[in-house]
file entry35.cif (mmCIF, C-alpha atoms, pLDDT in the B column; chains and numbers go by the auth columns)
data_structure
#
loop_
_atom_site.group_PDB
_atom_site.id
_atom_site.type_symbol
_atom_site.label_atom_id
_atom_site.label_comp_id
_atom_site.label_asym_id
_atom_site.label_seq_id
_atom_site.Cartn_x
_atom_site.Cartn_y
_atom_site.Cartn_z
_atom_site.B_iso_or_equiv
_atom_site.auth_seq_id
_atom_site.auth_asym_id
ATOM 1 C CA THR A 1 -20.517 117.123 -36.463 74.00 214 A
ATOM 2 C CA PRO A 2 -21.756 119.737 -38.923 83.00 215 A
ATOM 3 C CA LEU A 3 -24.158 122.381 -37.709 91.00 216 A
ATOM 4 C CA THR A 4 -27.380 121.672 -39.548 95.00 217 A
ATOM 5 C CA PRO A 5 -30.215 124.211 -39.642 95.00 218 A
ATOM 6 C CA ARG A 6 -32.005 122.095 -37.003 95.00 219 A
ATOM 7 C CA ARG A 7 -29.039 122.247 -34.640 96.00 220 A
ATOM 8 C CA LEU A 8 -28.495 125.966 -35.234 97.00 221 A
ATOM 9 C CA ASN A 9 -32.151 126.695 -34.492 97.00 222 A
ATOM 10 C CA ASN A 10 -32.104 124.508 -31.379 97.00 223 A
ATOM 11 C CA ARG A 11 -29.061 126.377 -30.098 97.00 224 A
ATOM 12 C CA LYS A 12 -30.942 129.660 -30.499 98.00 225 A
ATOM 13 C CA ILE A 13 -34.015 128.205 -28.787 98.00 226 A
ATOM 14 C CA LYS A 14 -32.054 126.766 -25.876 97.00 227 A
ATOM 15 C CA GLY A 15 -29.992 129.953 -25.645 97.00 228 A
ATOM 16 C CA ALA A 16 -33.092 132.063 -25.006 96.00 229 A
ATOM 17 C CA LEU A 17 -33.010 132.907 -21.314 94.00 230 A
ATOM 18 C CA THR A 18 -36.199 134.980 -21.126 90.00 231 A
ATOM 19 C CA LEU A 19 -39.671 134.942 -22.626 91.00 232 A
ATOM 20 C CA LEU A 20 -38.740 138.014 -24.670 92.00 233 A
ATOM 21 C CA GLU A 21 -35.631 136.354 -26.101 94.00 234 A
ATOM 22 C CA LEU A 22 -37.562 133.233 -27.049 96.00 235 A
ATOM 23 C CA LYS A 23 -40.348 135.282 -28.604 96.00 236 A
ATOM 24 C CA ASP A 24 -37.740 137.082 -30.722 97.00 237 A
ATOM 25 C CA VAL A 25 -36.204 133.775 -31.873 98.00 238 A
ATOM 26 C CA VAL A 26 -39.579 132.297 -32.765 98.00 239 A
ATOM 27 C CA LEU A 27 -40.801 135.406 -34.570 97.00 240 A
ATOM 28 C CA SER A 28 -37.595 135.879 -36.529 97.00 241 A
ATOM 29 C CA ASP A 29 -36.513 132.291 -37.295 97.00 242 A
ATOM 30 C CA SER A 30 -39.641 130.133 -37.291 96.00 243 A
ATOM 31 C CA ASN A 31 -39.769 129.951 -41.090 96.00 244 A
ATOM 32 C CA ASP A 32 -36.711 127.707 -40.827 96.00 245 A
ATOM 33 C CA PHE A 33 -38.061 125.494 -38.009 98.00 246 A
ATOM 34 C CA ASP A 34 -38.639 121.797 -38.512 98.00 247 A
ATOM 35 C CA ALA A 35 -40.831 119.605 -36.290 98.00 248 A
ATOM 36 C CA VAL A 36 -38.068 119.116 -33.722 98.00 249 A
ATOM 37 C CA ASN A 37 -37.447 122.864 -33.484 98.00 250 A
ATOM 38 C CA VAL A 38 -41.161 123.468 -32.950 98.00 251 A
ATOM 39 C CA SER A 39 -41.422 121.006 -30.074 98.00 252 A
ATOM 40 C CA HIS A 40 -38.174 122.323 -28.557 98.00 253 A
ATOM 41 C CA ALA A 41 -39.516 125.876 -28.734 98.00 254 A
ATOM 42 C CA LEU A 42 -42.764 124.837 -27.039 98.00 255 A
ATOM 43 C CA GLY A 43 -40.858 123.049 -24.302 97.00 256 A
ATOM 44 C CA ARG A 44 -38.569 126.034 -23.782 97.00 257 A
ATOM 45 C CA LEU A 45 -41.553 128.386 -23.674 97.00 258 A
ATOM 46 C CA ALA A 46 -43.207 126.242 -20.995 96.00 259 A
ATOM 47 C CA ARG A 47 -40.052 126.152 -18.853 96.00 260 A
ATOM 48 C CA LEU A 48 -39.430 129.896 -19.173 94.00 261 A
ATOM 49 C CA TYR A 49 -43.090 130.618 -18.482 92.00 262 A
ATOM 50 C CA ARG A 50 -43.058 128.548 -15.307 90.00 263 A
ATOM 51 C CA ALA A 51 -39.855 130.230 -14.091 89.00 264 A
ATOM 52 C CA CYS A 52 -41.135 133.688 -15.013 86.00 265 A
ATOM 53 C CA LEU A 53 -44.407 133.223 -13.146 80.00 266 A
ATOM 54 C CA THR A 54 -42.575 132.136 -10.033 76.00 267 A
ATOM 55 C CA GLN A 55 -40.301 135.194 -10.194 75.00 268 A
ATOM 56 C CA LEU A 56 -43.192 137.585 -10.855 71.00 269 A
ATOM 57 C CA GLN A 57 -45.228 136.138 -8.013 70.00 270 A
ATOM 58 C CA ARG A 58 -42.327 136.574 -5.609 70.00 271 A
ATOM 59 C CA ALA A 59 -41.535 140.088 -6.814 65.00 272 A
ATOM 60 C CA TYR A 60 -45.020 141.541 -7.106 62.00 273 A
ATOM 61 C CA GLY A 61 -47.383 139.161 -5.387 64.00 274 A
ATOM 62 C CA SER A 62 -50.069 140.060 -7.902 65.00 275 A
ATOM 63 C CA SER A 63 -51.449 138.719 -11.110 70.00 276 A
ATOM 64 C CA SER A 64 -51.141 141.965 -13.121 75.00 277 A
ATOM 65 C CA ALA A 65 -47.455 141.387 -13.935 73.00 278 A
ATOM 66 C CA LYS A 66 -48.269 137.796 -14.826 76.00 279 A
ATOM 67 C CA GLN A 67 -51.041 138.870 -17.190 81.00 280 A
ATOM 68 C CA GLN A 68 -48.762 141.427 -18.825 81.00 281 A
ATOM 69 C CA ALA A 69 -46.021 138.846 -19.406 80.00 282 A
ATOM 70 C CA ILE A 70 -48.550 136.476 -20.924 85.00 283 A
ATOM 71 C CA GLN A 71 -49.986 139.170 -23.211 89.00 284 A
ATOM 72 C CA ASP A 72 -46.622 140.554 -24.296 89.00 285 A
ATOM 73 C CA HIS A 73 -44.571 137.411 -24.750 89.00 286 A
ATOM 74 C CA VAL A 74 -46.422 134.123 -24.360 92.00 287 A
ATOM 75 C CA ILE A 75 -49.472 134.696 -26.558 95.00 288 A
ATOM 76 C CA PRO A 76 -47.571 135.994 -29.622 96.00 289 A
ATOM 77 C CA THR A 77 -45.140 133.070 -29.349 97.00 290 A
ATOM 78 C CA ILE A 78 -47.892 130.490 -28.949 97.00 291 A
ATOM 79 C CA ARG A 79 -49.752 131.835 -31.978 97.00 292 A
ATOM 80 C CA VAL A 80 -46.754 131.205 -34.206 98.00 293 A
ATOM 81 C CA LEU A 81 -45.998 127.821 -32.666 98.00 294 A
ATOM 82 C CA ASP A 82 -49.643 126.681 -32.916 97.00 295 A
ATOM 83 C CA GLN A 83 -49.559 127.264 -36.643 97.00 296 A
ATOM 84 C CA LEU A 84 -46.236 125.463 -36.985 98.00 297 A
ATOM 85 C CA VAL A 85 -47.471 122.457 -34.998 98.00 298 A
ATOM 86 C CA MET A 86 -50.354 121.998 -37.402 97.00 299 A
ATOM 87 C CA GLU A 87 -48.119 122.505 -40.466 97.00 300 A
ATOM 88 C CA LYS A 88 -45.449 120.045 -39.324 98.00 301 A
ATOM 89 C CA LEU A 89 -47.560 117.573 -37.365 98.00 302 A
ATOM 90 C CA GLN A 90 -46.972 114.679 -39.773 98.00 303 A
ATOM 91 C CA ASP A 91 -43.224 114.983 -39.119 98.00 304 A
ATOM 92 C CA PHE A 92 -43.606 114.812 -35.331 98.00 305 A
ATOM 93 C CA GLU A 93 -41.968 111.870 -33.619 98.00 306 A
ATOM 94 C CA PRO A 94 -43.291 110.526 -30.281 97.00 307 A
ATOM 95 C CA TRP A 95 -41.080 112.842 -28.233 97.00 308 A
ATOM 96 C CA ASP A 96 -42.237 115.889 -30.237 98.00 309 A
ATOM 97 C CA VAL A 97 -45.887 115.014 -29.607 98.00 310 A
ATOM 98 C CA ALA A 98 -45.328 114.352 -25.910 97.00 311 A
ATOM 99 C CA GLN A 99 -43.209 117.477 -25.441 97.00 312 A
ATOM 100 C CA SER A 100 -45.810 119.626 -27.189 97.00 313 A
ATOM 101 C CA LEU A 101 -48.751 118.271 -25.191 96.00 314 A
ATOM 102 C CA TRP A 102 -46.815 118.657 -21.938 96.00 315 A
ATOM 103 C CA ALA A 103 -45.813 122.222 -22.863 97.00 316 A
ATOM 104 C CA TYR A 104 -49.359 123.205 -23.745 96.00 317 A
ATOM 105 C CA SER A 105 -50.521 121.853 -20.390 95.00 318 A
ATOM 106 C CA VAL A 106 -47.890 123.874 -18.497 94.00 319 A
ATOM 107 C CA LEU A 107 -48.886 126.949 -20.500 94.00 320 A
ATOM 108 C CA ASN A 108 -52.552 126.186 -19.786 92.00 321 A
ATOM 109 C CA HIS A 109 -53.193 126.575 -23.504 94.00 322 A
ATOM 110 C CA TYR A 110 -55.993 124.253 -24.506 93.00 323 A
ATOM 111 C CA GLU A 111 -57.257 124.262 -28.063 92.00 324 A
ATOM 112 C CA LYS A 112 -59.409 121.175 -28.613 92.00 325 A
ATOM 113 C CA THR A 113 -58.584 120.861 -32.306 93.00 326 A
ATOM 114 C CA MET A 114 -54.857 121.113 -31.598 93.00 327 A
ATOM 115 C CA PHE A 115 -55.066 118.655 -28.705 94.00 328 A
ATOM 116 C CA ASP A 116 -57.080 116.173 -30.765 94.00 329 A
ATOM 117 C CA SER A 117 -54.656 116.468 -33.693 96.00 330 A
ATOM 118 C CA LEU A 118 -51.655 115.838 -31.451 96.00 331 A
ATOM 119 C CA CYS A 119 -53.446 112.890 -29.843 94.00 332 A
ATOM 120 C CA GLN A 120 -54.246 111.410 -33.246 96.00 333 A
ATOM 121 C CA ARG A 121 -50.578 111.713 -34.194 97.00 334 A
ATOM 122 C CA ALA A 122 -49.624 110.055 -30.887 96.00 335 A
ATOM 123 C CA ASN A 123 -52.070 107.252 -31.621 95.00 336 A
ATOM 124 C CA ASN A 124 -50.318 106.664 -34.946 97.00 337 A
ATOM 125 C CA LEU A 125 -46.972 106.415 -33.134 97.00 338 A
ATOM 126 C CA THR A 126 -47.886 104.198 -30.175 95.00 339 A
ATOM 127 C CA ALA A 127 -45.727 101.311 -31.381 95.00 340 A
ATOM 128 C CA VAL A 128 -42.548 103.377 -30.971 96.00 341 A
ATOM 129 C CA MET A 129 -43.430 105.407 -27.878 96.00 342 A
ATOM 130 C CA LYS A 130 -41.333 105.240 -24.748 96.00 343 A
ATOM 131 C CA PRO A 131 -42.736 105.317 -21.213 96.00 344 A
ATOM 132 C CA ALA A 132 -41.611 108.942 -20.766 95.00 345 A
ATOM 133 C CA ASP A 133 -43.596 109.956 -23.860 95.00 346 A
ATOM 134 C CA CYS A 134 -46.707 108.320 -22.432 95.00 347 A
ATOM 135 C CA ALA A 135 -46.142 109.981 -19.049 95.00 348 A
ATOM 136 C CA ASN A 136 -45.906 113.466 -20.564 93.00 349 A
ATOM 137 C CA ILE A 137 -49.040 112.856 -22.594 94.00 350 A
ATOM 138 C CA MET A 138 -50.896 111.665 -19.496 94.00 351 A
ATOM 139 C CA ILE A 139 -49.846 114.828 -17.642 93.00 352 A
ATOM 140 C CA ALA A 140 -51.508 116.881 -20.361 92.00 353 A
ATOM 141 C CA PHE A 141 -54.657 114.740 -20.267 91.00 354 A
ATOM 142 C CA GLY A 142 -54.831 115.147 -16.505 92.00 355 A
ATOM 143 C CA ARG A 143 -54.270 118.898 -16.466 91.00 356 A
ATOM 144 C CA PHE A 144 -56.856 119.521 -19.139 89.00 357 A
ATOM 145 C CA GLY A 145 -59.326 116.857 -18.055 83.00 358 A
ATOM 146 C CA HIS A 146 -59.415 115.689 -21.681 69.00 359 A
ATOM 147 C CA TYR A 147 -60.521 112.066 -21.914 64.00 360 A
#
call {"tool": "encode", "arguments": {"input": "entry35.cif", "output": "structure tokens"}}
result
Amino acid sequence: TPLTPRRLNNRKIKGALTLLELKDVVLSDSNDFDAVNVSHALGRLARLYRACLTQLQRAYGSSSAKQQAIQDHVIPTIRVLDQLVMEKLQDFEPWDVAQSLWAYSVLNHYEKTMFDSLCQRANNLTAVMKPADCANIMIAFGRFGHY
């Protein structure tokens, strides 16, 4: 199977093992991201963030290291991805919407306009959603208390 730009970008995203590595991929390659790459990057950011917080809590037992990691790596990455979500939203498939909402909930990043836009896109795709898509969306609704 040929390596398309989507597949090449996803390999870079999945290959990022730290918040810093993912931030570098997003900042350097996001101009070439499609909707799938954007949702993959958000999902990867959420997973790395969760793992990083656990490690920092164990190592330092304080929130200062956590805040520094968020400031240095998470916020700059989210800013780029937020913009890309809005630019590519009409190309999002159900999994992309669900993955993005779930990731935002893990990252505790609630922007009402973004959330509403993703929910509107999900509403347009309900006929082709799978149960897992609905479950991830419900997780986000529950974490944010958005009803």
call {"tool": "residues_around", "arguments": {"input": "entry35.cif", "residues": "Asn349 (chain A)", "least_positions_apart": "6", "cutoff": "9 Å", "atoms": "all atoms listed in the file", "output": "PyMOL selection string"}}
result
chain A and resi 311-312+314-315
call {"tool": "closest_residue", "arguments": {"input": "entry35.cif", "among": "A:Val238, A:Met327, A:Leu230, A:Ala340", "to": "Met299 (chain A)", "atoms": "only C-alpha atoms"}}
result
A:Met327
call {"tool": "closest_residue", "arguments": {"input": "entry35.cif", "among": "A:Arg356, A:Lys301, A:Lys343, A:Lys279", "to": "His322 (chain A)", "atoms": "all atoms listed in the file"}}
result
A:Arg356
call {"tool": "resolve_selection", "arguments": {"input": "entry35.cif", "expression": "the PyMOL selection byres ((chain A and resi 225) around 10)", "output": "list in words"}}
result
Arg220, Leu221, Asn222, Asn223, Arg224, Ile226, Lys227, Gly228, Ala229, Leu230, Glu234, Leu235, Val238, Val239, Asp242, Asn250 and Ala254 of chain A
call {"tool": "resolve_selection", "arguments": {"input": "entry35.cif", "expression": "the PyMOL selection byres ((chain A and resi 309) around 8)", "output": "ChimeraX atom specification"}}
result
/A:248-249,252-253,305-308,310-313
call {"tool": "atom_distance", "arguments": {"input": "entry35.cif", "atom1": "CA of Tyr323 (chain A)", "atom2": "CA of Gln303 (chain A)"}}
result
20.2 Å
call {"tool": "atom_distance", "arguments": {"input": "entry35.cif", "atom1": "CA of Gly256 (chain A)", "atom2": "CA of Leu232 (chain A)"}}
result
12.1 Å
call {"tool": "residues_around", "arguments": {"input": "entry35.cif", "residues": "Tyr317 (chain A)", "least_positions_apart": "6", "cutoff": "8 Å", "atoms": "only C-alpha atoms", "output": "list of chain:residue names"}}
result
A:Leu255, A:Ala259, A:Tyr323, A:Ala353
call {"tool": "residues_around", "arguments": {"input": "entry35.cif", "residues": "region 262-271 of chain A", "least_positions_apart": "5", "cutoff": "9 Å", "atoms": "only C-alpha atoms", "output": "list in words"}}
result
Thr231, Leu232, Arg257, Ser276, Ala278, Lys279, Ala282, Ile283, Val287, Val319 and Leu320 of chain A
call {"tool": "closest_residue", "arguments": {"input": "entry35.cif", "among": "A:Leu233, A:Ile288, A:Ile350, A:Val341", "to": "Asp329 (chain A)", "atoms": "all atoms listed in the file"}}
result
A:Ile350
call {"tool": "build_atoms", "arguments": {"input": "entry35.cif", "residues": "region 323-334 of chain A", "atoms": "all heavy atoms", "output": "mmCIF file, in the frame of the given file"}}
result
data_model
loop_
_atom_site.group_PDB
_atom_site.id
_atom_site.type_symbol
_atom_site.label_atom_id
_atom_site.label_comp_id
_atom_site.auth_asym_id
_atom_site.auth_seq_id
_atom_site.Cartn_x
_atom_site.Cartn_y
_atom_site.Cartn_z
ATOM 1 N N TYR A 323 -55.207 125.375 -24.014
ATOM 2 C CA TYR A 323 -55.993 124.253 -24.506
ATOM 3 C C TYR A 323 -56.808 124.682 -25.719
ATOM 4 O O TYR A 323 -57.689 125.530 -25.614
ATOM 5 C CB TYR A 323 -56.925 123.732 -23.418
ATOM 6 C CG TYR A 323 -57.787 122.570 -23.864
ATOM 7 C CD1 TYR A 323 -57.251 121.299 -23.976
ATOM 8 C CD2 TYR A 323 -59.135 122.753 -24.167
ATOM 9 C CE1 TYR A 323 -58.037 120.220 -24.379
ATOM 10 C CE2 TYR A 323 -59.921 121.688 -24.573
ATOM 11 C CZ TYR A 323 -59.375 120.430 -24.678
ATOM 12 O OH TYR A 323 -60.148 119.378 -25.078
ATOM 13 N N GLU A 324 -56.479 124.111 -26.833
ATOM 14 C CA GLU A 324 -57.257 124.262 -28.063
ATOM 15 C C GLU A 324 -57.661 122.843 -28.447
ATOM 16 O O GLU A 324 -56.800 122.021 -28.768
ATOM 17 C CB GLU A 324 -56.412 124.891 -29.175
ATOM 18 C CG GLU A 324 -55.923 126.297 -28.898
ATOM 19 C CD GLU A 324 -57.022 127.327 -28.991
ATOM 20 O OE1 GLU A 324 -58.043 127.064 -29.665
ATOM 21 O OE2 GLU A 324 -56.870 128.393 -28.372
ATOM 22 N N LYS A 325 -58.940 122.542 -28.401
ATOM 23 C CA LYS A 325 -59.409 121.175 -28.613
ATOM 24 C C LYS A 325 -58.930 120.591 -29.937
ATOM 25 O O LYS A 325 -58.463 119.452 -29.993
ATOM 26 C CB LYS A 325 -60.930 121.104 -28.525
ATOM 27 C CG LYS A 325 -61.450 119.675 -28.630
ATOM 28 C CD LYS A 325 -62.916 119.591 -28.385
ATOM 29 C CE LYS A 325 -63.496 118.213 -28.475
ATOM 30 N NZ LYS A 325 -62.756 117.111 -28.959
ATOM 31 N N THR A 326 -59.009 121.362 -31.000
ATOM 32 C CA THR A 326 -58.584 120.861 -32.306
ATOM 33 C C THR A 326 -57.100 120.503 -32.299
ATOM 34 O O THR A 326 -56.702 119.453 -32.811
ATOM 35 C CB THR A 326 -58.880 121.898 -33.405
ATOM 36 O OG1 THR A 326 -60.270 122.199 -33.376
ATOM 37 C CG2 THR A 326 -58.490 121.403 -34.769
ATOM 38 N N MET A 327 -56.296 121.358 -31.692
ATOM 39 C CA MET A 327 -54.857 121.113 -31.598
ATOM 40 C C MET A 327 -54.600 119.858 -30.752
ATOM 41 O O MET A 327 -53.824 118.983 -31.146
ATOM 42 C CB MET A 327 -54.165 122.317 -30.964
ATOM 43 C CG MET A 327 -52.700 122.124 -30.683
ATOM 44 S SD MET A 327 -51.690 122.358 -32.122
ATOM 45 C CE MET A 327 -52.018 124.064 -32.444
ATOM 46 N N PHE A 328 -55.248 119.796 -29.606
ATOM 47 C CA PHE A 328 -55.066 118.655 -28.705
ATOM 48 C C PHE A 328 -55.466 117.358 -29.405
ATOM 49 O O PHE A 328 -54.730 116.371 -29.371
ATOM 50 C CB PHE A 328 -55.888 118.870 -27.432
ATOM 51 C CG PHE A 328 -55.471 117.999 -26.289
ATOM 52 C CD1 PHE A 328 -54.563 118.457 -25.353
ATOM 53 C CD2 PHE A 328 -55.982 116.724 -26.135
ATOM 54 C CE1 PHE A 328 -54.181 117.666 -24.285
ATOM 55 C CE2 PHE A 328 -55.602 115.915 -25.080
ATOM 56 C CZ PHE A 328 -54.698 116.386 -24.149
ATOM 57 N N ASP A 329 -56.616 117.369 -30.058
ATOM 58 C CA ASP A 329 -57.080 116.173 -30.765
ATOM 59 C C ASP A 329 -56.125 115.776 -31.889
ATOM 60 O O ASP A 329 -55.860 114.588 -32.093
ATOM 61 C CB ASP A 329 -58.481 116.384 -31.335
ATOM 62 C CG ASP A 329 -59.568 116.395 -30.268
ATOM 63 O OD1 ASP A 329 -59.298 115.936 -29.136
ATOM 64 O OD2 ASP A 329 -60.681 116.856 -30.576
ATOM 65 N N SER A 330 -55.600 116.760 -32.602
ATOM 66 C CA SER A 330 -54.656 116.468 -33.693
ATOM 67 C C SER A 330 -53.371 115.847 -33.153
ATOM 68 O O SER A 330 -52.850 114.877 -33.718
ATOM 69 C CB SER A 330 -54.335 117.741 -34.480
ATOM 70 O OG SER A 330 -55.486 118.238 -35.095
ATOM 71 N N LEU A 331 -52.856 116.400 -32.069
ATOM 72 C CA LEU A 331 -51.655 115.838 -31.451
ATOM 73 C C LEU A 331 -51.923 114.428 -30.920
ATOM 74 O O LEU A 331 -51.084 113.535 -31.059
ATOM 75 C CB LEU A 331 -51.143 116.752 -30.336
ATOM 76 C CG LEU A 331 -50.400 117.998 -30.806
ATOM 77 C CD1 LEU A 331 -50.333 119.045 -29.707
ATOM 78 C CD2 LEU A 331 -49.010 117.649 -31.301
ATOM 79 N N CYS A 332 -53.100 114.219 -30.345
ATOM 80 C CA CYS A 332 -53.446 112.890 -29.843
ATOM 81 C C CYS A 332 -53.588 111.878 -30.977
ATOM 82 O O CYS A 332 -53.178 110.722 -30.836
ATOM 83 C CB CYS A 332 -54.734 112.958 -29.019
ATOM 84 S SG CYS A 332 -54.516 113.795 -27.440
ATOM 85 N N GLN A 333 -54.132 112.305 -32.090
ATOM 86 C CA GLN A 333 -54.246 111.410 -33.246
ATOM 87 C C GLN A 333 -52.856 111.025 -33.747
ATOM 88 O O GLN A 333 -52.599 109.867 -34.064
ATOM 89 C CB GLN A 333 -55.061 112.057 -34.366
ATOM 90 C CG GLN A 333 -55.248 111.175 -35.575
ATOM 91 C CD GLN A 333 -55.936 109.860 -35.239
ATOM 92 O OE1 GLN A 333 -56.968 109.838 -34.589
ATOM 93 N NE2 GLN A 333 -55.358 108.750 -35.669
ATOM 94 N N ARG A 334 -51.954 112.008 -33.778
ATOM 95 C CA ARG A 334 -50.578 111.713 -34.194
ATOM 96 C C ARG A 334 -49.941 110.743 -33.201
ATOM 97 O O ARG A 334 -49.259 109.788 -33.604
ATOM 98 C CB ARG A 334 -49.760 113.003 -34.310
ATOM 99 C CG ARG A 334 -48.333 112.799 -34.739
ATOM 100 C CD ARG A 334 -48.226 112.277 -36.152
ATOM 101 N NE ARG A 334 -46.832 112.054 -36.499
ATOM 102 C CZ ARG A 334 -46.426 111.150 -37.359
ATOM 103 N NH1 ARG A 334 -47.290 110.408 -38.025
ATOM 104 N NH2 ARG A 334 -45.147 110.993 -37.609
#
